[in-house]
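Peer 1: Following this line is protein_20.cif, made up of mmCIF, C-alpha atoms:
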data_entry
loop_
_atom_site.label_atom_id
_atom_site.label_comp_id
_atom_site.auth_asym_id
_atom_site.auth_seq_id
_atom_site.Cartn_x
_atom_site.Cartn_y
_atom_site.Cartn_z
CA MET A 9 0.00 0.00 0.00
CA ILE A 10 1.25 3.47 -0.85
CA THR A 11 1.65 5.54 2.31
CA CYS A 12 2.55 9.12 3.34
CA PRO A 13 -0.27 9.75 2.58
CA THR A 14 -2.47 6.71 1.96
CA ALA A 15 -5.39 6.97 -0.45
CA ALA A 16 -7.71 6.97 2.58
CA GLU A 17 -5.89 9.97 4.08
CA LEU A 18 -6.18 11.85 0.80
CA GLN A 19 -9.87 11.02 0.64
CA ALA A 20 -10.36 12.34 4.18
CA ALA A 21 -8.50 15.56 3.35
CA LEU A 22 -10.70 16.03 0.28
CA ILE A 23 -13.87 15.57 2.31
CA ALA A 24 -12.61 18.14 4.83
CA PHE A 25 -11.78 20.56 2.01
CA ASP A 26 -15.19 20.16 0.35
CA GLY A 27 -16.90 20.79 3.71
CA ASP A 28 -14.98 24.01 4.32
CA ASP A 29 -17.11 26.98 3.29
CA ALA A 30 -14.39 29.65 3.00
CA GLY A 31 -15.15 32.24 0.31
CA PRO A 32 -14.42 30.82 -3.16
CA THR A 33 -12.38 33.91 -4.17
CA ASP A 34 -9.98 33.74 -1.23
CA PRO A 35 -6.51 33.23 -2.85
CA ARG A 36 -5.60 30.44 -0.47
CA ARG A 37 -8.92 28.71 -1.26
CA VAL A 38 -8.35 29.08 -5.02
CA PHE A 39 -4.89 27.53 -4.64
CA LEU A 40 -6.23 24.67 -2.51
CA ALA A 41 -9.03 23.99 -5.03
CA ARG A 42 -6.38 23.26 -7.67
CA VAL A 43 -4.59 20.95 -5.26
CA ALA A 44 -7.90 19.19 -4.54
CA ASP A 45 -8.47 18.62 -8.26
CA ASN A 46 -5.02 17.07 -8.51
CA ALA A 47 -5.81 14.84 -5.52
CA ARG A 48 -9.01 13.56 -7.14
CA ALA A 49 -7.15 12.72 -10.35
CA LEU A 50 -4.43 10.97 -8.35
CA LEU A 51 -6.99 8.85 -6.50
CA ASP A 52 -8.51 7.79 -9.83
CA ARG A 53 -5.09 6.70 -11.08
CA GLU A 54 -4.35 4.85 -7.86
CA ALA A 55 -7.68 3.01 -8.07
CA ALA A 56 -6.76 1.90 -11.60
CA LEU A 57 -3.05 1.15 -11.14
CA GLY A 58 -2.35 0.73 -7.43
CA GLU A 59 -3.03 -2.97 -7.07
CA ALA A 60 -0.88 -4.01 -10.03
CA ALA A 61 1.92 -1.68 -8.93
CA GLU A 62 2.01 -3.24 -5.48
CA ALA A 63 1.91 -6.79 -6.85
CA GLY A 64 4.86 -6.01 -9.11
CA GLU A 65 6.80 -4.37 -6.31
CA CYS A 66 6.11 -7.31 -4.02
CA ALA A 67 7.28 -9.85 -6.60
CA ARG A 68 10.50 -7.92 -7.23
CA LEU A 69 11.17 -7.59 -3.50
CA ALA A 70 10.74 -11.35 -3.01
CA ALA A 71 13.17 -12.05 -5.86
CA LEU A 72 15.70 -9.50 -4.61
CA LEU A 73 15.62 -10.70 -1.00
CA GLY A 74 15.08 -14.37 -1.74
CA VAL A 75 12.22 -14.63 0.75
CA GLN A 76 8.44 -14.55 0.63
CA GLY A 77 6.24 -12.15 2.58
CA ASP A 78 3.73 -9.37 2.30
CA PHE A 79 4.64 -6.06 0.78
CA THR A 80 5.07 -4.06 3.99
CA ASP A 81 7.25 -6.75 5.53
CA LEU A 82 9.47 -7.22 2.46
CA ASN A 83 9.85 -3.50 1.90
CA ARG A 84 10.98 -3.05 5.49
CA GLN A 85 13.45 -5.91 5.10
CA LEU A 86 14.96 -4.18 2.08
CA CYS A 87 15.28 -0.93 4.03
CA ASP A 88 17.02 -2.80 6.87
CA ALA A 89 19.39 -4.53 4.43
CA LEU A 90 20.34 -1.19 2.90
CA ARG A 91 20.81 0.45 6.27
CA SER A 92 23.04 -2.36 7.54
CA GLY A 93 25.04 -2.52 4.32
CA ALA A 94 23.95 -6.10 3.49
CA ILE A 95 22.88 -4.70 0.11
CA GLY A 96 25.03 -1.97 -1.42
CA PRO A 97 23.35 1.28 -2.53
CA ARG A 98 24.28 0.83 -6.19
CA ASP A 99 23.87 -2.91 -6.49
CA PRO A 100 22.55 -3.48 -10.04
CA ALA A 101 19.67 -5.74 -8.95
CA LEU A 102 18.69 -3.17 -6.33
CA LEU A 103 18.79 -0.32 -8.86
CA ALA A 104 16.63 -2.32 -11.27
CA HIS A 105 14.03 -2.71 -8.52
CA LEU A 106 14.20 0.95 -7.50
CA ARG A 107 13.87 2.02 -11.14
CA ALA A 108 10.80 -0.14 -11.77
CA THR A 109 9.24 1.02 -8.49
CA ALA A 110 9.89 4.70 -9.24
CA ILE A 111 8.30 4.36 -12.68
CA ALA A 112 5.20 2.63 -11.27
CA ARG A 113 4.82 5.16 -8.44
CA ILE A 114 5.19 8.26 -10.62
CA ALA A 115 2.50 6.88 -12.94
CA ILE A 116 0.13 7.22 -9.99
CA ASP A 117 1.47 10.27 -8.18
CA GLN A 118 2.51 12.59 -11.00
CA PRO A 119 2.50 11.04 -14.49
CA GLY A 120 3.54 14.30 -16.17
CA TYR A 121 6.68 14.68 -14.07
CA CYS A 122 9.65 15.28 -16.36
CA GLY A 123 11.95 13.06 -14.30
CA LEU A 124 10.23 10.07 -15.88
CA GLU A 125 11.19 11.19 -19.37
CA ALA A 126 14.72 11.88 -18.10
CA LEU A 127 14.98 8.38 -16.63
CA LEU A 128 13.70 6.70 -19.77
CA GLY A 129 15.38 9.08 -22.17
CA ASP A 130 19.03 8.16 -21.99
CA MET B 14 -5.43 40.46 12.16
CA ASN B 15 -6.28 43.19 9.63
CA ILE B 16 -3.12 43.48 7.53
CA PRO B 17 -4.27 46.28 5.17
CA ALA B 18 -5.26 48.47 8.14
CA ALA B 19 -1.96 47.83 9.92
CA LEU B 20 -0.05 48.70 6.74
CA ALA B 21 -2.04 51.94 6.37
CA ARG B 22 -1.05 52.92 9.92
CA LEU B 23 2.58 52.02 9.21
CA ALA B 24 2.79 54.02 5.94
CA PRO B 25 4.01 57.37 7.40
CA ARG B 26 6.94 55.54 9.05
CA LEU B 27 7.95 54.05 5.68
CA SER B 28 8.04 57.32 3.73
CA LYS B 29 7.84 60.98 4.81
CA ARG B 30 5.59 61.69 1.82
CA ALA B 31 3.14 58.89 2.48
CA THR B 32 -0.05 59.12 4.52
CA THR B 33 -1.49 55.65 3.91
CA ALA B 34 -1.04 52.31 2.14
CA VAL B 35 -3.18 51.16 -0.77
CA ASN B 36 -3.75 48.03 -2.90
CA ALA B 37 -2.66 45.60 -0.16
CA ARG B 38 -3.06 42.06 -1.49
CA ARG B 39 -1.71 38.70 -0.45
CA LEU B 40 0.47 37.12 -3.11
CA SER B 41 1.53 33.67 -2.04
CA GLY B 42 -0.68 30.69 -1.45
CA GLY B 43 1.91 29.06 0.80
CA ALA B 44 1.30 28.27 4.44
CA SER B 45 4.70 28.88 6.06
CA LEU B 46 5.15 32.57 5.24
CA GLU B 47 2.84 35.28 3.94
CA THR B 48 3.88 37.72 1.25
CA TRP B 49 1.80 40.86 0.72
CA ALA B 50 2.21 43.44 -2.03
CA PHE B 51 1.11 47.01 -1.34
CA ASP B 52 1.82 50.58 -2.41
CA LEU B 53 2.26 53.77 -0.45
CA ASP B 54 0.07 56.64 -1.59
CA ASP B 55 3.25 58.40 -2.79
CA GLY B 56 3.65 55.55 -5.32
CA THR B 57 6.36 53.48 -3.57
CA PRO B 58 5.88 49.76 -4.43
CA LEU B 59 6.53 47.53 -1.40
CA ILE B 60 6.41 43.96 -0.14
CA LEU B 61 5.55 42.74 3.36
CA ARG B 62 6.96 39.42 4.50
CA ARG B 63 5.35 38.06 7.64
CA ARG B 64 4.97 34.86 9.56
CA PRO B 65 1.30 33.91 9.84
CA ASP B 66 -0.17 34.05 13.33
CA GLY B 67 0.49 30.81 15.15
CA ALA B 68 2.57 29.32 12.32
CA ALA B 69 5.30 27.01 13.51
CA MET B 70 8.75 27.88 12.23
CA ARG B 71 10.38 25.31 10.01
CA GLU B 72 13.08 23.52 11.92
CA THR B 73 15.80 25.16 9.88
CA ALA B 74 14.17 28.54 9.43
CA ALA B 75 15.70 31.71 10.84
CA PRO B 76 13.68 34.57 12.36
CA LEU B 77 12.48 37.05 9.75
CA ALA B 78 14.65 39.83 11.22
CA HIS B 79 17.64 37.62 10.45
CA GLU B 80 16.38 37.18 6.90
CA ALA B 81 16.23 40.97 6.56
CA ALA B 82 19.79 41.28 7.92
CA LEU B 83 20.99 38.68 5.39
CA ILE B 84 19.42 40.60 2.51
CA VAL B 85 21.29 43.70 3.68
CA ALA B 86 24.55 41.70 3.87
CA ALA B 87 24.01 40.25 0.39
CA ALA B 88 23.42 43.75 -0.97
CA GLY B 89 26.73 44.77 0.60
CA ALA B 90 28.43 41.94 -1.30
CA GLY B 91 26.99 43.27 -4.56
CA ALA B 92 24.25 40.67 -5.06
CA PRO B 93 20.91 41.79 -6.53
CA VAL B 94 18.35 41.85 -3.70
CA PRO B 95 15.39 44.02 -2.74
CA VAL B 96 16.13 47.05 -0.51
CA VAL B 97 15.00 46.35 3.06
CA GLU B 98 12.94 49.36 4.20
CA HIS B 99 11.72 48.44 7.67
CA ILE B 100 11.87 45.64 10.21
CA CYS B 101 8.58 45.55 12.10
CA ASP B 102 8.39 45.97 15.84
CA PRO B 103 5.50 44.88 18.06
CA GLU B 104 3.72 48.27 17.94
CA ASP B 105 3.38 47.93 14.15
CA GLY B 106 0.77 45.25 14.82
CA LEU B 107 2.00 42.96 12.04
CA GLY B 108 3.69 40.26 14.10
CA GLU B 109 7.05 38.97 12.94
CA ALA B 110 7.52 40.83 9.66
CA PHE B 111 9.59 43.17 7.55
CA VAL B 112 9.03 45.49 4.58
CA MET B 113 11.13 45.66 1.44
CA ARG B 114 10.99 47.28 -1.98
CA ARG B 115 8.94 45.47 -4.60
CA LEU B 116 11.00 44.56 -7.66
CA GLU B 117 9.56 44.33 -11.13
CA GLY B 118 9.79 40.93 -12.79
CA GLU B 119 8.66 37.32 -12.65
CA THR B 120 9.28 34.63 -10.04
CA LEU B 121 7.08 31.86 -11.46
CA GLY B 122 9.56 29.27 -12.70
CA LYS B 123 7.18 27.88 -15.29
CA ARG B 124 6.99 31.26 -17.03
CA ILE B 125 10.71 31.91 -16.78
CA VAL B 126 11.55 28.61 -18.54
CA ARG B 127 8.83 28.88 -21.23
CA ASP B 128 7.35 32.33 -21.87
CA ALA B 129 8.52 34.15 -24.98
CA ALA B 130 8.93 37.28 -22.85
CA PHE B 131 12.07 35.72 -21.33
CA ASP B 132 13.59 34.42 -24.58
CA ALA B 133 16.09 37.29 -24.64
CA VAL B 134 17.45 36.83 -21.11
CA ARG B 135 17.21 33.03 -20.80
CA PRO B 136 20.46 32.20 -22.65
CA GLY B 137 22.55 34.28 -20.22
CA LEU B 138 20.66 33.40 -17.07
CA ALA B 139 22.69 30.39 -15.87
CA HIS B 140 25.97 32.30 -16.26
CA ARG B 141 24.45 35.23 -14.36
CA CYS B 142 23.23 32.89 -11.59
CA GLY B 143 26.80 31.65 -11.21
CA ALA B 144 28.11 35.20 -10.95
CA VAL B 145 25.47 36.16 -8.38
CA LEU B 146 26.24 33.08 -6.28
CA ALA B 147 29.92 34.08 -6.30
CA GLN B 148 28.87 37.50 -4.92
CA ILE B 149 26.69 35.96 -2.20
CA HIS B 150 29.45 33.55 -1.21
CA SER B 151 31.91 36.44 -0.93
CA ALA B 152 29.87 38.15 1.82
CA SER B 153 31.97 38.85 4.89
CA PRO B 154 31.03 36.57 7.78
CA ASP B 155 31.35 39.59 10.09
CA GLY B 156 28.05 41.31 10.62
CA LEU B 157 25.94 38.34 9.62
CA PRO B 158 23.19 37.25 12.02
CA PRO B 159 23.86 34.00 13.90
CA LEU B 160 23.79 31.16 11.38
CA ALA B 161 24.16 27.40 11.58
CA THR B 162 27.22 25.87 9.93
CA SER B 163 27.02 22.58 8.06
CA ASP B 164 28.91 20.46 5.57
CA ALA B 165 27.89 17.53 3.39
CA LEU B 166 28.05 14.85 6.09
CA GLY B 167 26.34 17.17 8.58
CA GLU B 168 23.46 17.83 6.17
CA LEU B 169 23.14 14.12 5.41
CA ALA B 170 23.07 13.20 9.10
CA ARG B 171 20.51 15.90 9.87
CA TYR B 172 18.15 14.82 7.11
CA GLU B 173 18.62 11.14 7.85
CA ALA B 174 17.62 11.80 11.46
CA VAL B 175 14.48 13.58 10.25
CA TYR B 176 13.71 10.70 7.89
CA ARG B 177 14.11 8.19 10.75
CA GLN B 178 11.47 10.07 12.76
CA HIS B 179 8.90 9.13 10.12
CA ASP B 180 7.41 5.72 9.83
CA ALA B 181 8.24 5.63 6.13
CA ASP B 182 10.08 2.73 4.54
CA ARG B 183 11.67 4.24 1.46
CA PRO B 184 14.36 1.99 -0.03
CA THR B 185 15.48 4.68 -2.49
CA PHE B 186 16.17 7.06 0.39
CA GLU B 187 17.99 4.33 2.34
CA ALA B 188 20.21 3.67 -0.67
CA ALA B 189 20.76 7.37 -1.35
CA PHE B 190 21.83 8.08 2.23
CA ARG B 191 24.48 5.33 2.09
CA TRP B 192 25.60 6.25 -1.44
CA LEU B 193 26.02 9.96 -0.65
CA GLU B 194 27.66 9.30 2.70
CA ALA B 195 30.37 7.31 0.92
CA ALA B 196 30.70 9.95 -1.83
CA ALA B 197 30.76 13.08 0.39
CA PRO B 198 33.40 15.62 -0.69
CA GLU B 199 36.06 16.93 1.68
CA PRO B 200 34.77 19.97 3.61
CA VAL B 201 35.90 23.45 2.50
CA THR B 202 35.96 26.76 4.37
CA PRO B 203 32.27 27.59 4.98
CA VAL B 204 30.77 30.61 3.20
CA LEU B 205 27.38 32.32 3.34
CA VAL B 206 25.08 29.91 1.50
CA HIS B 207 21.62 31.12 0.43
CA GLY B 208 20.16 27.67 1.04
CA ASP B 209 17.15 27.98 -1.29
CA PHE B 210 18.66 29.40 -4.49
CA ARG B 211 16.39 27.91 -7.14
CA ASN B 212 14.09 28.87 -9.99
CA GLY B 213 11.08 30.12 -8.05
CA ASN B 214 13.05 32.29 -5.64
CA LEU B 215 14.65 34.39 -8.36
CA MET B 216 13.08 37.62 -9.62
CA VAL B 217 13.72 37.71 -13.35
CA HIS B 218 13.02 40.77 -15.49
CA PRO B 219 12.31 40.25 -19.23
CA GLU B 220 15.11 42.69 -20.19
CA GLN B 221 17.37 42.98 -17.17
CA GLY B 222 17.47 39.27 -16.32
CA LEU B 223 18.06 38.30 -12.67
CA VAL B 224 17.24 41.39 -10.60
CA GLY B 225 16.59 39.90 -7.16
CA VAL B 226 17.40 36.85 -5.06
CA LEU B 227 14.48 36.22 -2.69
CA ASP B 228 13.57 34.03 0.28
CA TRP B 229 16.63 33.97 2.52
CA GLU B 230 14.90 31.93 5.22
CA LEU B 231 17.20 28.91 4.87
CA ALA B 232 20.55 30.72 4.66
CA HIS B 233 23.46 29.25 6.58
CA LEU B 234 27.23 28.80 6.45
CA GLY B 235 28.34 25.88 4.33
CA ASP B 236 29.81 24.47 1.15
CA PRO B 237 29.45 26.89 -1.80
CA ALA B 238 28.67 23.94 -4.09
CA GLU B 239 25.46 23.43 -2.10
CA ASP B 240 23.84 26.47 -3.77
CA LEU B 241 25.09 25.49 -7.23
CA GLY B 242 23.70 21.98 -6.82
CA TRP B 243 20.34 23.09 -5.41
CA ILE B 244 19.37 25.15 -8.47
CA CYS B 245 20.03 22.03 -10.59
CA VAL B 246 17.60 19.78 -8.68
CA ASN B 247 15.14 18.41 -11.23
CA SER B 248 12.10 19.38 -9.13
CA TRP B 249 12.58 23.01 -10.18
CA ARG B 250 13.26 22.59 -13.88
CA PHE B 251 9.54 22.92 -14.68
CA GLY B 252 9.53 20.20 -17.28
CA GLN B 253 12.75 21.35 -18.98
CA TRP B 254 14.88 18.50 -17.65
CA ARG B 255 17.47 18.84 -20.43
CA LYS B 256 18.40 22.26 -19.01
CA PRO B 257 19.83 21.32 -15.62
CA VAL B 258 20.20 24.85 -14.25
CA GLY B 259 16.67 25.82 -13.24
CA GLY B 260 15.23 24.52 -16.53
CA PHE B 261 16.96 27.33 -18.43
CA GLY B 262 20.72 26.69 -18.63
CA ASP B 263 23.64 24.29 -18.71
CA TYR B 264 26.00 23.19 -15.95
CA GLN B 265 29.04 24.69 -17.65
CA ALA B 266 27.45 28.15 -17.97
CA LEU B 267 26.70 28.18 -14.23
CA LEU B 268 30.22 27.03 -13.31
CA ASP B 269 31.83 29.47 -15.77
CA GLY B 270 29.79 32.38 -14.41
CA TYR B 271 30.79 31.39 -10.90
CA ALA B 272 34.51 31.22 -11.72
CA ALA B 273 34.50 34.39 -13.85
CA ALA B 274 33.04 36.37 -10.92
CA GLY B 275 35.81 35.19 -8.61
CA GLY B 276 33.97 32.29 -7.01
CA GLY B 277 36.68 29.79 -7.90
CA GLU B 278 36.62 26.53 -9.82
CA ILE B 279 34.03 24.02 -8.63
CA PRO B 280 34.18 20.56 -10.24
CA LEU B 281 30.95 19.34 -11.83
CA SER B 282 31.15 16.18 -9.70
CA ARG B 283 30.98 18.28 -6.53
CA LEU B 284 28.00 20.22 -7.86
CA GLN B 285 26.21 16.98 -8.79
CA PHE B 286 26.85 15.49 -5.37
CA TRP B 287 24.97 18.46 -3.90
CA GLN B 288 22.29 18.17 -6.59
CA ALA B 289 21.65 14.56 -5.55
CA LEU B 290 21.70 15.53 -1.87
CA GLY B 291 19.28 18.30 -2.84
CA SER B 292 16.79 15.83 -4.31
CA LEU B 293 17.12 13.71 -1.16
CA LYS B 294 16.62 16.74 1.10
CA TRP B 295 13.58 17.87 -0.87
CA GLY B 296 12.15 14.36 -0.56
CA VAL B 297 12.62 14.40 3.21
CA MET B 298 11.13 17.90 3.38
CA CYS B 299 8.05 16.59 1.55
CA LEU B 300 7.76 13.87 4.19
CA MET B 301 8.12 16.50 6.93
CA MET B 302 5.38 18.63 5.42
CA TYR B 303 3.16 15.58 5.02
CA SER B 304 3.71 14.72 8.69
CA SER B 305 2.16 18.04 9.73
CA PHE B 306 -0.98 16.74 7.99
CA ALA B 307 -0.73 13.30 9.61
CA SER B 308 -0.33 14.81 13.09
CA GLY B 309 -3.31 17.08 12.56
CA ALA B 310 -1.17 20.23 12.92
CA ASP B 311 -2.15 21.30 9.38
CA PRO B 312 -5.02 19.18 8.01
CA SER B 313 -5.04 20.91 4.60
CA ILE B 314 -5.20 18.97 1.34
CA GLU B 315 -1.96 20.75 0.34
CA ARG B 316 -0.02 19.18 3.21
CA ALA B 317 -1.50 15.77 2.43
CA MET B 318 -0.68 15.96 -1.27
CA ILE B 319 2.90 17.11 -0.83
CA GLY B 320 3.68 13.66 0.55
CA ARG B 321 3.03 12.30 -2.93
CA ARG B 322 5.87 14.45 -4.29
CA VAL B 323 8.31 12.12 -2.54
CA SER B 324 8.17 9.85 -5.59
CA GLU B 325 9.45 12.62 -7.86
CA THR B 326 12.61 12.82 -5.77
CA GLU B 327 12.90 9.04 -5.86
CA ILE B 328 12.79 8.90 -9.65
CA ASP B 329 15.41 11.67 -9.82
CA LEU B 330 17.64 9.89 -7.30
CA VAL B 331 17.40 6.60 -9.19
CA ARG B 332 18.53 8.34 -12.37
CA LEU B 333 21.46 10.00 -10.57
CA MET B 334 22.48 6.70 -8.96
CA GLU B 335 22.46 5.15 -12.43
CA VAL B 336 24.39 7.84 -14.30
CA MET B 337 26.79 9.47 -11.84
CA ALA B 338 30.35 8.22 -11.59
#
Any chance you could put this one into structure tokens?
Peer 2:
Amino acid sequence: MITCPTAAELQAALIAFDGDDAGPTDPRRVFLARVADNARALLDREAALGEAAEAGECARLAALLGVQGDFTDLNRQLCDALRSGAIGPRDPALLAHLRATAIARIAIDQPGYCGLEALLGD
Amino acid sequence: MNIPAALARLAPRLSKRATTAVNARRLSGGASLETWAFDLDDGTPLILRRRPDGAAMRETAAPLAHEAALIVAAAGAGAPVPVVEHICDPEDGLGEAFVMRRLEGETLGKRIVRDAAFDAVRPGLAHRCGAVLAQIHSASPDGLPPLATSDALGELARYEAVYRQHDADRPTFEAAFRWLEAAAPEPVTPVLVHGDFRNGNLMVHPEQGLVGVLDWELAHLGDPAEDLGWICVNSWRFGQWRKPVGGFGDYQALLDGYAAAGGGEIPLSRLQFWQALGSLKWGVMCLMMYSSFASGADPSIERAMIGRRVSETEIDLVRLMEVMA
């Protein structure tokens, strides 16, 4: 599951925003309305792509670590292995996993972000 | 708090010819600091910077009076900055705030990298940024307000500690911390570092080019390459990723401008180290801002959504880990 924030947290923030009756011309409100539109589009993308992204991430983690487990558990194990030095920061298999994960995440969070084109472009 | 009314009362202290302030309007949509534009009735265009009532200071942020003192010091070193007109005291009724001249130009990075109005100045902008950074870095440490000092390993340790406070398992960050720790350059004599020198904090005029360096809230003493790397972080290239300097220029132009203005030779590898650390820092900052949503301190949709910008820093870090020597 994608966290910080989760889809449920975003949904709750949207409900709070929609229930706030500040004047629609207030500059802060205008700015936040654009952010809210972005959040709704993100949630639509996550509903469509989130499950497959997590399944792919989970399968790669299991292959990289050589163990089975759920996503949260495996992801934490990878973090621990990197922190302890058991896996080096530029290990090719690690980088392949991080690359695939970054591509899948940006497709949900911010598909127009130019860093994707940069990563794929050279 | 009624800002326009407080500004109207303050007007005679700002100019002998003024009796009141007019056209007061809030410019920024941000939550950490407010920026107001207003005019005196004698025609003087001004800016008010103030901390919103009850807003918590960012961990690394200096008081606004320090920011004003830094702008004065940067002006003394020859850097283009707005003239500071007044540092507010409690009887002004504006809270923590100061007033400076309003410069004419554009700060929106998206327009600076794309709009035809900036076609003429864009080709020279990276070189000019290098020259201006050399001026800022030449500021005498005497007379500066109290500032933190940091180097590469210090910055890494500080941001890793912040990351560890969050319950966020981010393998790309874990890898980046270890990679950058092993690659950290030898420390150099610390200089005045702006700390947030990026496209978005630069006032650019369609004919005069860079006319003002804004937002000195994160200034500190540190490695000069930190500022050169920060403006190359992909998050502020506004889609123009092939132009590493702010989305408008090339590395070599920035480094040449820096050296030509007396800033010395900085190797590209040192700049790119700080660029990568910059992406990592911005990613951790996004987590920090998200956590103010999670804790309930700021339940806005903005603070929730900024957490989803962490992935942009991850994709940039992966690319740098792939391509850097």
Peer 1: Which one of A:Arg53, A:Arg68, A:Arg107, A:Arg42 sits closest to chain B if you count all atoms listed in the file?
Peer 2: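 Of all the options, A:Arg107 lies closest to chain B.
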Peer 1: Dump as a PyMOL selection string the residues of chain B that approach chain A to within 7 Å, counting all atoms listed in the file.
Peer 2: chain B and resi 42+182-185+187-189+191-192+247+252+254+303+312-315+317-318+320-321+324-325+327-329+331-332+334
Peer 1: Grab the atom CA of A:Phe79 to atom CA of B:Gln178 distance for me, in Å with one decimal place.
Peer 2: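 Interatomic distance here is 21.2 Å.
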Peer 1: Find the distance between atom CA of B:Ala238 and atom CA of B:Val97 and write it in Å to one decimal.
Peer 2: 27.2 Å
Peer 1: Could you tell me how far atom CA of B:Ile319 sits from atom CA of A:Asp26, in Å to one decimal place?
Peer 2: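 One can read the atom CA of A:Asp26 to atom CA of B:Ile319 distance as 18.4 Å.
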Peer 1: Give the padded box for stretch 242-256 of chain B as AutoDock Vina command-line options: axis-aligned, covering all atoms listed in the file, 6 Å on each side, centre and edge lengths in Å to one decimal.
Peer 2:
--center_x 16.6 --center_y 21.8 --center_z -12.9 --size_x 26.2 --size_y 18.7 --size_z 27.0
Peer 1: What would the selection look like, as a list in words, if the PyMOL selection byres ((chain B and resi 29-35) around 8) were run on the coordinates I just shared?
Peer 2: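 So the PyMOL selection byres ((chain B and resi 29-35) around 8) ends up selecting Pro17, Leu20, Ala21, Arg22, Leu23, Ala24, Pro25, Arg26, Leu27, Ser28, Asn36, Ala37, Phe51, Asp52, Leu53, Asp54 and Asp55 of chain B.
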Peer 1: Choose the residue, out of B:Gln221, B:Ser163, B:Asn212, B:Gln285, that has the smallest atom-to-atom separation from B:Gln253; count only C-alpha atoms.
Peer 2: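 Distance minimum relative to B:Gln253 lands on B:Asn212.
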Peer 1: Using only C-alpha atoms, which protein or nucleic acid residues come within 6 Å of stretch 138-148 of chain B? Drop anything in the same chain fewer than 5 positions from it, and give the result as a PyMOL selection string.
Peer 2: chain B and resi 90+92+262+266-267+270-271+274+276
Peer 1: Give me, as a list in words, all polymer residues having an atom no more than 8 Å from B:Met216, counting all atoms listed in the file and skipping those fewer than 4 positions away in the same chain.
Peer 2: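 Counting only the stated atoms, we get Leu116, Glu117, Gly118, Glu119, Thr120, Leu223, Val224, Gly225, Val226 and Leu227 of chain B.
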Peer 1: The PyMOL selection byres ((chain B and resi 108) around 12) - which residues does that actually catch in the file I just gave you? List them as a ChimeraX atom specification.
Peer 2: /B:14-16,19-20,46-47,61-68,76-78,100-107,109-111
Peer 1: Have a look at B:Ala165, B:Ile149, B:Leu193, B:Leu215 and name the one nearest to B:Ala88; count all atoms listed in the file.
Peer 2: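 Using all atoms listed in the file, B:Ala88 sits closest to B:Ile149.
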Peer 1: Determine, counting all atoms listed in the file, which protein, DNA and RNA residues have an atom within 7 Å of an atom of B:Arg39; residues of the same chain fewer than 6 positions away are not included. Present the result as a list in words.
Peer 2: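 Contacts, with the query itself left out: Thr48, Trp49 and Ala50 of chain B.
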